[in-house]
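S.K.: File follows, model-v5.cif with mmCIF, C-alpha atoms:
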data_my_file
#
loop_
_atom_site.label_atom_id
_atom_site.label_comp_id
_atom_site.auth_asym_id
_atom_site.auth_seq_id
_atom_site.Cartn_x
_atom_site.Cartn_y
_atom_site.Cartn_z
CA MET D 1 110.88 74.67 94.61
CA LYS D 2 113.06 76.19 91.93
CA LYS D 3 112.84 74.90 88.35
CA ASN D 4 115.71 74.83 85.91
CA VAL D 5 115.48 77.19 82.95
CA LYS D 6 118.96 76.71 81.52
CA ASN D 7 122.33 75.83 83.07
CA ASN D 8 122.53 77.87 86.32
CA VAL D 9 119.34 79.84 85.70
CA TYR D 10 116.22 78.87 87.64
CA TRP D 11 112.58 79.92 87.81
CA ILE D 12 111.54 80.71 91.37
CA GLY D 13 108.23 82.51 90.83
CA TYR D 14 104.60 81.83 91.65
CA MET D 15 102.18 79.85 89.46
CA ASP D 16 98.83 81.55 90.04
CA TRP D 17 96.17 79.10 88.85
CA ASP D 18 93.38 80.88 90.75
CA LEU D 19 93.91 84.40 89.39
CA GLN D 20 90.65 85.73 87.95
CA THR D 21 91.34 89.38 87.10
CA PHE D 22 94.30 91.69 86.72
CA HIS D 23 94.84 95.48 86.75
CA GLY D 24 91.84 95.77 89.03
CA ASP D 25 89.05 94.14 87.04
CA ASP D 26 90.17 95.50 83.67
CA TYR D 27 91.81 92.27 82.50
CA THR D 28 90.11 88.90 82.75
CA ILE D 29 92.27 85.84 83.37
CA HIS D 30 91.01 82.68 81.65
CA HIS D 31 93.86 80.19 82.10
CA GLY D 32 95.67 81.29 85.25
CA SER D 33 98.91 83.25 85.14
CA SER D 34 102.36 83.31 86.65
CA GLN D 35 104.59 85.84 88.33
CA ASN D 36 108.02 84.87 87.06
CA ALA D 37 111.07 85.53 89.21
CA TYR D 38 114.45 84.07 88.34
CA LEU D 39 117.54 83.00 90.27
CA ILE D 40 120.95 83.01 88.57
CA GLN D 41 123.66 81.11 90.42
CA GLU D 42 127.09 81.77 88.91
CA GLU D 43 130.10 83.05 90.90
CA LYS D 44 127.63 85.73 91.92
CA THR D 45 124.05 84.96 92.81
CA VAL D 46 121.37 87.18 91.31
CA LEU D 47 117.68 87.37 92.10
CA MET D 48 115.70 88.70 89.15
CA ASP D 49 112.46 90.29 90.44
CA THR D 50 110.05 88.94 93.05
CA VAL D 51 106.30 88.17 93.10
CA TRP D 52 103.03 89.82 94.07
CA ALA D 53 102.58 90.89 97.70
CA PRO D 54 99.79 88.35 98.48
CA HIS D 55 102.34 85.57 97.84
CA GLN D 56 105.36 87.22 99.46
CA PHE D 57 105.71 84.92 102.45
CA GLU D 58 105.38 81.77 100.35
CA PHE D 59 107.91 83.23 97.92
CA ILE D 60 110.46 84.05 100.62
CA GLU D 61 109.99 80.67 102.30
CA ASN D 62 110.56 78.94 98.96
CA LEU D 63 113.63 81.10 98.29
CA GLN D 64 115.06 80.30 101.73
CA SER D 65 114.61 76.58 101.08
CA GLU D 66 116.79 76.89 97.99
CA ILE D 67 119.50 79.33 99.09
CA ASP D 68 120.89 81.17 102.10
CA LEU D 69 119.43 84.64 101.52
CA ASN D 70 122.71 86.21 102.61
CA LYS D 71 124.36 84.60 99.59
CA ILE D 72 122.27 86.74 97.20
CA ASP D 73 124.81 89.19 95.81
CA TYR D 74 122.51 91.31 93.64
CA ILE D 75 118.80 91.91 93.10
CA VAL D 76 117.64 93.09 89.68
CA VAL D 77 114.31 94.91 89.55
CA ASN D 78 113.18 95.13 85.94
CA HIS D 79 109.91 96.87 86.80
CA GLY D 80 108.47 98.32 89.99
CA GLU D 81 104.82 97.31 89.56
CA ASN D 82 103.50 95.41 92.59
CA ASP D 83 103.01 92.07 90.82
CA HIS D 84 106.81 91.97 90.34
CA SER D 85 108.11 93.91 93.35
CA GLY D 86 105.46 93.03 95.93
CA SER D 87 107.76 90.74 97.94
CA LEU D 88 110.76 93.07 97.82
CA SER D 89 110.00 95.03 100.98
CA ALA D 90 109.67 91.88 103.11
CA LEU D 91 112.78 90.40 101.54
CA MET D 92 114.87 93.53 102.14
CA LYS D 93 114.07 93.39 105.83
CA LEU D 94 116.05 90.13 105.86
CA ILE D 95 118.92 91.26 103.60
CA PRO D 96 118.78 95.08 103.84
CA ASP D 97 122.17 95.91 102.31
CA THR D 98 121.83 93.84 99.12
CA PRO D 99 122.47 95.99 96.01
CA ILE D 100 119.40 96.58 93.82
CA TYR D 101 119.99 97.22 90.12
CA CYS D 102 117.21 99.11 88.34
CA THR D 103 116.40 102.24 86.34
CA ALA D 104 116.14 105.70 87.88
CA ASN D 105 112.38 105.61 87.38
CA ALA D 106 112.25 102.26 89.18
CA VAL D 107 113.86 103.89 92.22
CA LYS D 108 111.09 106.49 92.12
CA SER D 109 108.45 103.77 91.73
CA LEU D 110 109.77 101.55 94.51
CA GLU D 111 110.21 104.41 96.98
CA GLY D 112 106.78 105.72 96.06
CA GLN D 113 105.19 102.37 96.85
CA TYR D 114 107.27 101.16 99.80
CA GLY D 115 108.76 104.34 101.24
CA LYS D 116 112.34 105.62 101.36
CA GLN D 117 113.99 102.84 103.31
CA GLY D 118 117.61 103.52 102.38
CA TRP D 119 117.93 100.57 100.02
CA ASN D 120 121.23 100.21 98.16
CA PHE D 121 120.11 101.26 94.68
CA HIS D 122 122.40 101.09 91.64
CA VAL D 123 120.87 102.97 88.70
CA VAL D 124 121.57 101.46 85.27
CA HIS D 125 121.08 102.55 81.66
CA THR D 126 120.94 100.76 78.32
CA GLY D 127 124.26 99.05 77.62
CA ASP D 128 125.42 98.99 81.24
CA SER D 129 126.59 95.57 82.38
CA LEU D 130 127.21 93.63 85.57
CA ASP D 131 129.85 90.87 85.80
CA ILE D 132 128.44 87.79 87.57
CA GLY D 133 131.40 85.47 87.07
CA HIS D 134 132.29 82.46 84.90
CA GLY D 135 132.70 84.91 82.02
CA LYS D 136 129.03 85.91 82.11
CA LYS D 137 127.50 89.36 82.31
CA LEU D 138 124.09 90.90 82.70
CA ILE D 139 123.44 93.62 80.11
CA PHE D 140 120.64 96.08 80.86
CA VAL D 141 118.24 97.48 78.25
CA GLU D 142 115.84 100.29 79.20
CA MET D 143 112.30 99.53 78.01
CA THR D 144 110.75 102.90 78.86
CA PHE D 145 106.92 102.77 78.67
CA LEU D 146 106.85 99.08 77.82
CA HIS D 147 104.75 99.32 79.71
CA TRP D 148 105.77 101.64 82.56
CA PRO D 149 108.39 104.45 82.54
CA ASP D 150 110.58 102.34 84.86
CA SER D 151 110.65 99.15 82.79
CA MET D 152 113.82 97.47 81.58
CA ALA D 153 114.96 94.13 80.22
CA THR D 154 118.09 92.22 81.24
CA TYR D 155 120.21 90.02 78.97
CA LEU D 156 122.40 87.19 80.24
CA THR D 157 125.46 86.57 78.07
CA GLN D 158 126.61 83.05 77.10
CA ASP D 159 123.25 81.60 78.12
CA ASN D 160 121.71 84.10 75.69
CA ILE D 161 118.55 84.69 77.73
CA LEU D 162 116.59 87.93 77.45
CA PHE D 163 114.61 88.58 80.64
CA SER D 164 112.04 90.80 78.95
CA MET D 165 109.82 91.84 81.88
CA ASP D 166 106.21 92.50 80.75
CA ALA D 167 107.15 92.60 77.06
CA PHE D 168 106.44 89.31 75.25
CA GLY D 169 104.41 88.01 78.20
CA GLN D 170 101.06 86.29 78.45
CA HIS D 171 98.58 85.76 81.25
CA ILE D 172 98.60 81.99 81.22
CA ALA D 173 99.82 79.37 83.66
CA VAL D 174 102.13 76.77 82.12
CA GLU D 175 103.36 74.28 84.69
CA GLY D 176 106.18 73.14 82.42
CA LEU D 177 107.37 76.77 82.09
CA PHE D 178 108.07 76.72 78.34
CA GLU D 179 105.83 77.72 75.44
CA ASP D 180 106.47 74.48 73.56
CA GLN D 181 104.83 72.66 76.48
CA ALA D 182 101.61 74.64 76.06
CA ASN D 183 98.79 74.64 73.52
CA GLN D 184 100.24 76.75 70.70
CA GLU D 185 96.99 78.38 69.57
CA GLN D 186 96.08 79.20 73.15
CA ILE D 187 99.43 80.69 74.06
CA PHE D 188 99.59 82.90 70.97
CA ASN D 189 96.01 84.06 71.53
CA GLU D 190 96.91 84.96 75.11
CA ALA D 191 100.07 86.73 73.94
CA MET D 192 98.03 88.77 71.45
CA ARG D 193 95.29 89.48 74.01
CA TYR D 194 98.01 90.68 76.39
CA TYR D 195 99.44 92.92 73.67
CA ALA D 196 96.04 94.33 72.71
CA ASN D 197 95.06 95.24 76.26
CA ILE D 198 98.40 96.20 77.83
CA VAL D 199 101.09 96.93 75.26
CA ALA D 200 99.10 98.36 72.31
CA PRO D 201 99.09 102.00 73.52
CA PHE D 202 102.88 101.95 73.16
CA SER D 203 103.04 100.40 69.68
CA PRO D 204 105.30 103.15 68.24
CA LEU D 205 107.76 102.47 71.06
CA VAL D 206 107.51 98.72 70.43
CA THR D 207 108.61 99.24 66.83
CA LYS D 208 111.54 101.38 67.96
CA LYS D 209 112.59 99.00 70.73
CA VAL D 210 112.39 95.88 68.54
CA LYS D 211 114.73 97.59 66.07
CA GLU D 212 117.05 98.59 68.91
CA ILE D 213 117.24 95.06 70.30
CA VAL D 214 117.91 93.63 66.83
CA ALA D 215 120.64 96.26 66.27
CA MET D 216 122.40 95.16 69.46
CA ASP D 217 123.05 91.86 67.65
CA LEU D 218 122.62 89.78 70.78
CA PRO D 219 122.11 86.05 70.17
CA ILE D 220 118.81 85.11 71.83
CA ASP D 221 118.15 81.49 72.73
CA MET D 222 115.35 82.22 75.19
CA ILE D 223 113.00 85.07 76.02
CA ALA D 224 111.90 84.88 79.64
CA PRO D 225 109.03 87.29 80.38
CA SER D 226 107.56 88.08 83.77
CA HIS D 227 104.18 86.53 83.06
CA GLY D 228 103.39 83.27 81.32
CA ALA D 229 105.61 80.87 79.43
CA ILE D 230 109.28 81.20 78.52
CA TRP D 231 109.90 81.29 74.76
CA ARG D 232 112.61 78.81 73.73
CA GLU D 233 111.36 77.24 70.48
CA ASN D 234 112.44 79.86 67.94
CA PRO D 235 112.03 82.65 70.52
CA LEU D 236 112.29 85.42 67.94
CA LYS D 237 108.86 84.42 66.64
CA ILE D 238 107.27 86.44 69.44
CA VAL D 239 109.52 89.41 68.60
CA GLU D 240 108.39 89.14 64.97
CA ALA D 241 104.78 88.92 66.14
CA TYR D 242 105.22 92.12 68.20
CA ALA D 243 106.67 93.89 65.16
CA SER D 244 103.57 92.86 63.18
CA TRP D 245 101.10 93.75 65.94
CA ALA D 246 102.70 97.17 66.40
CA ASN D 247 102.19 98.02 62.71
CA ARG D 248 98.44 98.79 62.64
CA TYR D 249 97.64 95.09 62.79
CA GLN D 250 94.38 93.80 61.35
CA GLU D 251 92.84 90.65 59.93
CA ASP D 252 89.85 90.22 57.65
CA GLN D 253 87.43 90.56 60.53
CA ILE D 254 84.64 92.93 61.54
CA THR D 255 83.43 93.07 65.13
CA VAL D 256 79.97 94.32 66.06
CA VAL D 257 79.63 95.62 69.63
CA TYR D 258 76.31 96.75 71.04
CA GLY D 259 74.37 97.54 74.15
CA THR D 260 70.60 97.33 74.21
CA GLU D 261 67.71 98.33 76.46
CA TRP D 262 64.60 96.85 74.84
CA HIS D 263 66.32 94.76 72.12
CA GLY D 264 65.89 97.22 69.24
CA THR D 265 69.61 97.97 68.96
CA GLU D 266 70.28 94.26 69.35
CA LYS D 267 68.15 93.56 66.26
CA LEU D 268 70.19 96.06 64.27
CA ALA D 269 73.44 94.46 65.47
CA TYR D 270 72.46 91.03 64.23
CA ALA D 271 71.09 92.41 60.98
CA LEU D 272 74.43 94.17 60.38
CA ALA D 273 76.35 90.97 61.07
CA LYS D 274 74.16 89.02 58.66
CA GLU D 275 74.66 91.60 55.92
CA ILE D 276 78.44 91.68 56.41
CA GLN D 277 78.52 87.91 55.95
CA LYS D 278 76.32 88.19 52.89
CA GLN D 279 78.46 90.82 51.17
CA SER D 280 81.82 89.36 52.22
CA PRO D 281 81.54 85.63 53.02
CA GLN D 282 85.27 85.31 53.73
CA THR D 283 85.20 88.01 56.41
CA VAL D 284 85.07 86.80 60.01
CA VAL D 285 82.16 88.45 61.82
CA LYS D 286 81.80 88.50 65.60
CA VAL D 287 79.01 90.06 67.66
CA PHE D 288 79.24 91.01 71.34
CA ASN D 289 76.82 92.49 73.84
CA VAL D 290 78.95 94.88 75.88
CA ASP D 291 77.01 93.94 79.03
CA HIS D 292 77.54 90.21 78.61
CA THR D 293 81.20 90.00 77.55
CA GLU D 294 84.35 91.10 79.37
CA LYS D 295 85.72 94.27 77.80
CA ASP D 296 89.24 92.87 77.41
CA ASP D 297 87.88 89.95 75.37
CA ILE D 298 86.02 92.36 73.09
CA VAL D 299 89.15 94.48 72.74
CA PHE D 300 91.10 91.38 71.67
CA GLU D 301 88.63 90.88 68.81
CA ILE D 302 88.66 94.58 67.89
CA PHE D 303 92.46 94.49 67.79
CA LYS D 304 92.24 91.78 65.12
CA SER D 305 89.51 93.61 63.17
CA LYS D 306 89.82 95.94 60.19
CA ALA D 307 86.53 97.60 61.13
CA ILE D 308 83.90 97.68 63.86
CA ALA D 309 80.25 98.64 64.19
CA VAL D 310 79.14 100.03 67.56
CA GLY D 311 75.56 100.46 68.70
CA SER D 312 73.72 101.82 71.71
CA PRO D 313 70.26 103.16 72.40
CA THR D 314 69.98 106.79 73.44
CA ILE D 315 69.75 107.01 77.23
CA LEU D 316 69.31 110.37 79.00
CA ASN D 317 70.64 112.28 76.00
CA GLY D 318 73.64 109.96 75.82
CA ILE D 319 74.43 106.26 75.59
CA LEU D 320 74.38 103.30 77.93
CA ALA D 321 76.85 103.74 80.78
CA SER D 322 78.34 100.32 80.05
CA MET D 323 79.02 101.32 76.45
CA ALA D 324 80.48 104.68 77.52
CA GLY D 325 82.82 102.91 79.93
CA PHE D 326 83.86 100.43 77.27
CA LEU D 327 84.61 103.18 74.73
CA TYR D 328 86.62 105.07 77.34
CA TYR D 329 88.71 101.92 77.85
CA LEU D 330 89.01 101.42 74.08
CA LYS D 331 90.28 104.99 73.67
CA SER D 332 93.14 104.33 76.09
CA LEU D 333 94.50 101.59 73.82
CA LYS D 334 95.13 103.95 70.87
CA PHE D 335 94.33 101.56 68.02
CA LYS D 336 95.13 102.92 64.56
CA GLY D 337 93.98 102.30 60.98
CA LYS D 338 90.53 100.88 61.75
CA LYS D 339 87.13 101.97 60.40
CA ALA D 340 83.95 102.21 62.46
CA ALA D 341 80.21 102.66 62.00
CA VAL D 342 77.54 103.62 64.53
CA PHE D 343 73.94 102.57 64.98
CA GLY D 344 71.21 102.62 67.58
CA CYS D 345 67.60 103.10 68.59
CA TYR D 346 66.03 105.99 70.44
CA GLY D 347 62.69 106.93 71.89
CA TRP D 348 62.60 110.71 72.02
CA SER D 349 65.76 112.73 71.46
CA GLY D 350 68.19 110.44 69.60
CA GLU D 351 71.65 111.79 70.54
CA GLY D 352 73.14 108.30 70.94
CA ASN D 353 74.72 108.01 67.51
CA LYS D 354 76.32 111.43 67.82
CA VAL D 355 77.88 110.47 71.15
CA LEU D 356 79.12 107.15 69.75
CA ARG D 357 80.63 108.89 66.75
CA GLU D 358 82.45 111.47 68.87
CA MET D 359 83.83 108.87 71.26
CA LEU D 360 85.03 106.60 68.47
CA GLU D 361 86.72 109.47 66.66
CA LYS D 362 88.52 110.42 69.87
CA ALA D 363 89.56 106.77 70.16
CA GLY D 364 91.29 107.04 66.77
CA PHE D 365 88.76 105.27 64.54
CA ASP D 366 87.82 106.44 61.04
CA VAL D 367 84.03 106.69 61.50
CA ILE D 368 82.07 106.45 58.26
CA SER D 369 79.22 108.90 57.59
CA ASP D 370 76.62 106.15 57.04
CA GLU D 371 74.69 105.28 60.18
CA ILE D 372 71.50 103.53 61.26
CA LYS D 373 69.22 105.47 63.57
CA SER D 374 65.88 103.93 64.46
CA SER D 375 62.97 105.41 66.41
CA PHE D 376 61.87 102.89 69.03
CA ASN D 377 62.23 99.65 67.01
CA PRO D 378 63.85 99.21 63.59
CA GLU D 379 61.47 99.08 60.65
CA LYS D 380 61.95 98.26 56.96
CA GLU D 381 63.33 101.75 56.29
CA GLU D 382 66.22 101.20 58.71
CA TYR D 383 66.90 97.64 57.56
CA ASP D 384 67.05 98.89 53.96
CA GLN D 385 69.90 101.25 54.94
CA ILE D 386 72.09 98.43 56.25
CA PRO D 387 73.48 97.15 52.89
CA GLN D 388 74.91 100.57 52.00
CA LEU D 389 76.43 101.03 55.45
CA VAL D 390 78.06 97.60 55.21
CA LYS D 391 79.36 98.33 51.71
CA THR D 392 81.00 101.53 52.93
CA LEU D 393 82.46 99.73 55.95
CA LEU D 394 83.93 97.00 53.74
CA ASP D 395 85.38 99.34 51.10
#
Starting from the file, give its structure as structure tokens.

M.R.:
Amino acid sequence: MKKNVKNNVYWIGYMDWDLQTFHGDDYTIHHGSSQNAYLIQEEKTVLMDTVWAPHQFEFIENLQSEIDLNKIDYIVVNHGENDHSGSLSALMKLIPDTPIYCTANAVKSLEGQYGKQGWNFHVVHTGDSLDIGHGKKLIFVEMTFLHWPDSMATYLTQDNILFSMDAFGQHIAVEGLFEDQANQEQIFNEAMRYYANIVAPFSPLVTKKVKEIVAMDLPIDMIAPSHGAIWRENPLKIVEAYASWANRYQEDQITVVYGTEWHGTEKLAYALAKEIQKQSPQTVVKVFNVDHTEKDDIVFEIFKSKAIAVGSPTILNGILASMAGFLYYLKSLKFKGKKAAVFGCYGWSGEGNKVLREMLEKAGFDVISDEIKSSFNPEKEEYDQIPQLVKTLLD
């Protein structure tokens, strides 16, 4: 069943209430998600993207119940990733000559995934347009590396809808489609969590692209992303949020992340948190065991933080594998302007702090020289070092 978005624009995607993880297991889904495809029915009929391959037959059956597939004049592919293009191959078997409008990189992506099948590609660039009748046009905007090289957005004139692809999206299922029909705190948290884990590595490009979109002076009444709710209540608020998040975003928060083998490093983590609260009562402090919390949830908290403290025991001349994996993931997100401290326990050799420091520096954090390093279990000497470390972290 299609759902009306505005005038002759309809949502015809898939509401995925059962989705648990995304991007392999890197991203945890807490409130479902959606794969948003859109149908525009003016003098010309346009299908905007499809849905994930596991839902392709349901998607095509639903599409066929709404429209004769042969009446689809154009297909727009804003991004070639499988969660948006997964039904395309099956659909093209039914309407093989339908023109596909996308970027040059999207052609490469689609042919790489589904083979060179002779599809009727029309490559577009920023500012190119497509007349769809009734005085309306689609205007294409390349969104290179937001978040793939092939990404683009599409703007519908007169209706003033920006189909923004993965930009401005959220992994959340909203049956009513629109953000004003969802819990506002929840939807903004999910939008920020999405930014922190997916868009953040491209923050410099976000800043540039936001300025470019504003300079195009396009009136925007709705922003329709490819995941989550459609923004229609002051839609530019999410654009403004992106501009803020892209600019070394931080709140008055410190996040403590640790792994532990025999609870010694855990004791230091909680002692650090207690001291942070003592020295700076207004600062939000959060503590996470890297083995008990999904890494994307920890990253969301780190994204909001002005500083972090990271601890691991020394294991086989290094650190816990779970912590190493987490820091490798953190490095990929390229956060800027955040301080960090390291701590940990060791039994014999004690290289853990050195490894933590090196990994955090490579991840772009400003690692302070103060550290806590405890042989076996922390004693008074180590606890006495915590106030100075916290002071340096807060300064």

S.K.: For D:His227, list every protein, DNA or RNA residue within 6 Å, evaluated using only C-alpha atoms, and leave out those in the same chain fewer than 3 positions away; present the list as an mmCIF file with C-alpha atoms, in the coordinates of the input.

M.R.:
data_model
loop_
_atom_site.group_PDB
_atom_site.id
_atom_site.type_symbol
_atom_site.label_atom_id
_atom_site.label_comp_id
_atom_site.auth_asym_id
_atom_site.auth_seq_id
_atom_site.Cartn_x
_atom_site.Cartn_y
_atom_site.Cartn_z
ATOM 1 C CA SER D 34 102.360 83.310 86.650
ATOM 2 C CA GLN D 35 104.590 85.840 88.330
ATOM 3 C CA ASN D 36 108.020 84.870 87.060
ATOM 4 C CA GLY D 169 104.410 88.010 78.200
ATOM 5 C CA GLN D 170 101.060 86.290 78.450
ATOM 6 C CA HIS D 171 98.580 85.760 81.250
#

S.K.: Name every residue that the PyMOL selection byres ((chain D and resi 195-202) around 6) selects in this structure, writing the answer as an MDAnalysis selection string with chains first and numbers rising.

M.R.: chainID D and resid 192:194 203:205 300 333:334

S.K.: Under the PyMOL selection byres ((chain D and resi 74) around 7), which residues of this model are included? Write them out as a ChimeraX atom specification.

M.R.: /D:45-47,72-73,75-76,98-100

S.K.: Residues at most 7 Å from D:Thr265, counting all atoms listed in the file, excluding those fewer than 6 positions away in the same chain, as a ChimeraX atom specification?

M.R.: /D:311-313,344-345

S.K.: Under the PyMOL selection byres ((chain D and resi 1) around 12), which residues of this model are included? Write them out as a PyMOL selection string.

M.R.: chain D and resi 2-4+10-15+38-39+58-67

S.K.: Just checking: using all atoms listed in the file, which residue out of D:Pro387, D:Gly80, D:Gly352, D:Gly24 ends up closest to D:Gln279?

M.R.: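 Among the listed residues, D:Pro387 lies closest to D:Gln279.
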
S.K.: Quick one: residues within 6 Å of stretch 112-127 of chain D, only C-alpha atoms counted, chain neighbours fewer than 6 positions away excluded, as a ChimeraX atom specification?

M.R.: /D:99-104,140-142

S.K.: Let me make sure I understand: among D:Glu240, D:Glu351, D:Asp370, D:Glu190, which one has the smallest atom-to-atom distance to D:Glu301 if we use only C-alpha atoms?

M.R.: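 So, comparing all the options, the nearest one is D:Glu190.
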
S.K.: Which of these residues is nearest to D:Ala341, using only C-alpha atoms: D:Gly32, D:Tyr383, D:Gly318, D:Ala269?

M.R.: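 Of the candidates, the smallest distance to D:Ala341 is held by D:Ala269.
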
S.K.: Give me the residues within 8 Å of D:Val206 as number ranges by chain, counting all atoms listed in the file and dropping any in the same chain fewer than 2 places off.

M.R.: D: 146, 202-204, 208-210, 242-243, 246

S.K.: Dump as a list of chain:residue names all residues having an atom at most 8 Å from (84.9, 101.8, 56.2), computed in the file's coordinates with all atoms listed in the file.

M.R.: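 Protein and nucleic acid residues near the point are D:Ala307, D:Lys338, D:Lys339, D:Ala340, D:Ala341, D:Asp366, D:Val367, D:Ile368, D:Lys391, D:Thr392, D:Leu393, D:Leu394, D:Asp395.
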
S.K.: At a cut-off of 10 Å from (68.1, 96.1, 75.9) in the coordinates of the file, what residues are picked up using all atoms listed in the file, written as a PyMOL selection string?

M.R.: chain D and resi 258-267+289+291+312-313+320

S.K.: Nearest to D:Asn317: which of D:Val174, D:Ala215, D:Leu356, D:Val77 is it, counting only C-alpha atoms?

M.R.: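 Closest to D:Asn317 of all the choices is D:Leu356.
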
S.K.: Considering all atoms listed in the file, can you say which of D:Ala53, D:Met216, D:Leu236, D:Ile254 comes closest to D:Asp83?

M.R.: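 Ranked by minimum distance to D:Asp83, first place goes to D:Ala53.
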
S.K.: Which one of D:Ala106, D:His134, D:Asp159, D:Asp25 sits closest to D:Glu42 if you count only C-alpha atoms?

M.R.: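 Closest candidate: D:His134.
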
S.K.: Expressed in Å to a single decimal, how great is the separation between atom CA of D:Lys331 and atom CA of D:Asp18?

M.R.: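 Separating atom CA of D:Lys331 from atom CA of D:Asp18 is a distance of 29.7 Å.
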
S.K.: Between atom CA of D:Lys108 and atom CA of D:Asn78, what is the distance, to one decimal in Å?

M.R.: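 Separation between atom CA of D:Lys108 and atom CA of D:Asn78: 13.1 Å.
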
S.K.: Excluding same-chain residues fewer than 6 positions from D:Ile372, what lies within 7 Å of it counting only C-alpha atoms, as a list in words?

M.R.: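 Contacts, with the query itself left out: Val342, Phe343, Gly344, Glu382 and Gln385 of chain D.
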
S.K.: By how many Å are atom CA of D:Lys274 and atom CA of D:His292 apart?

M.R.: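 It comes out at 20.3 Å.
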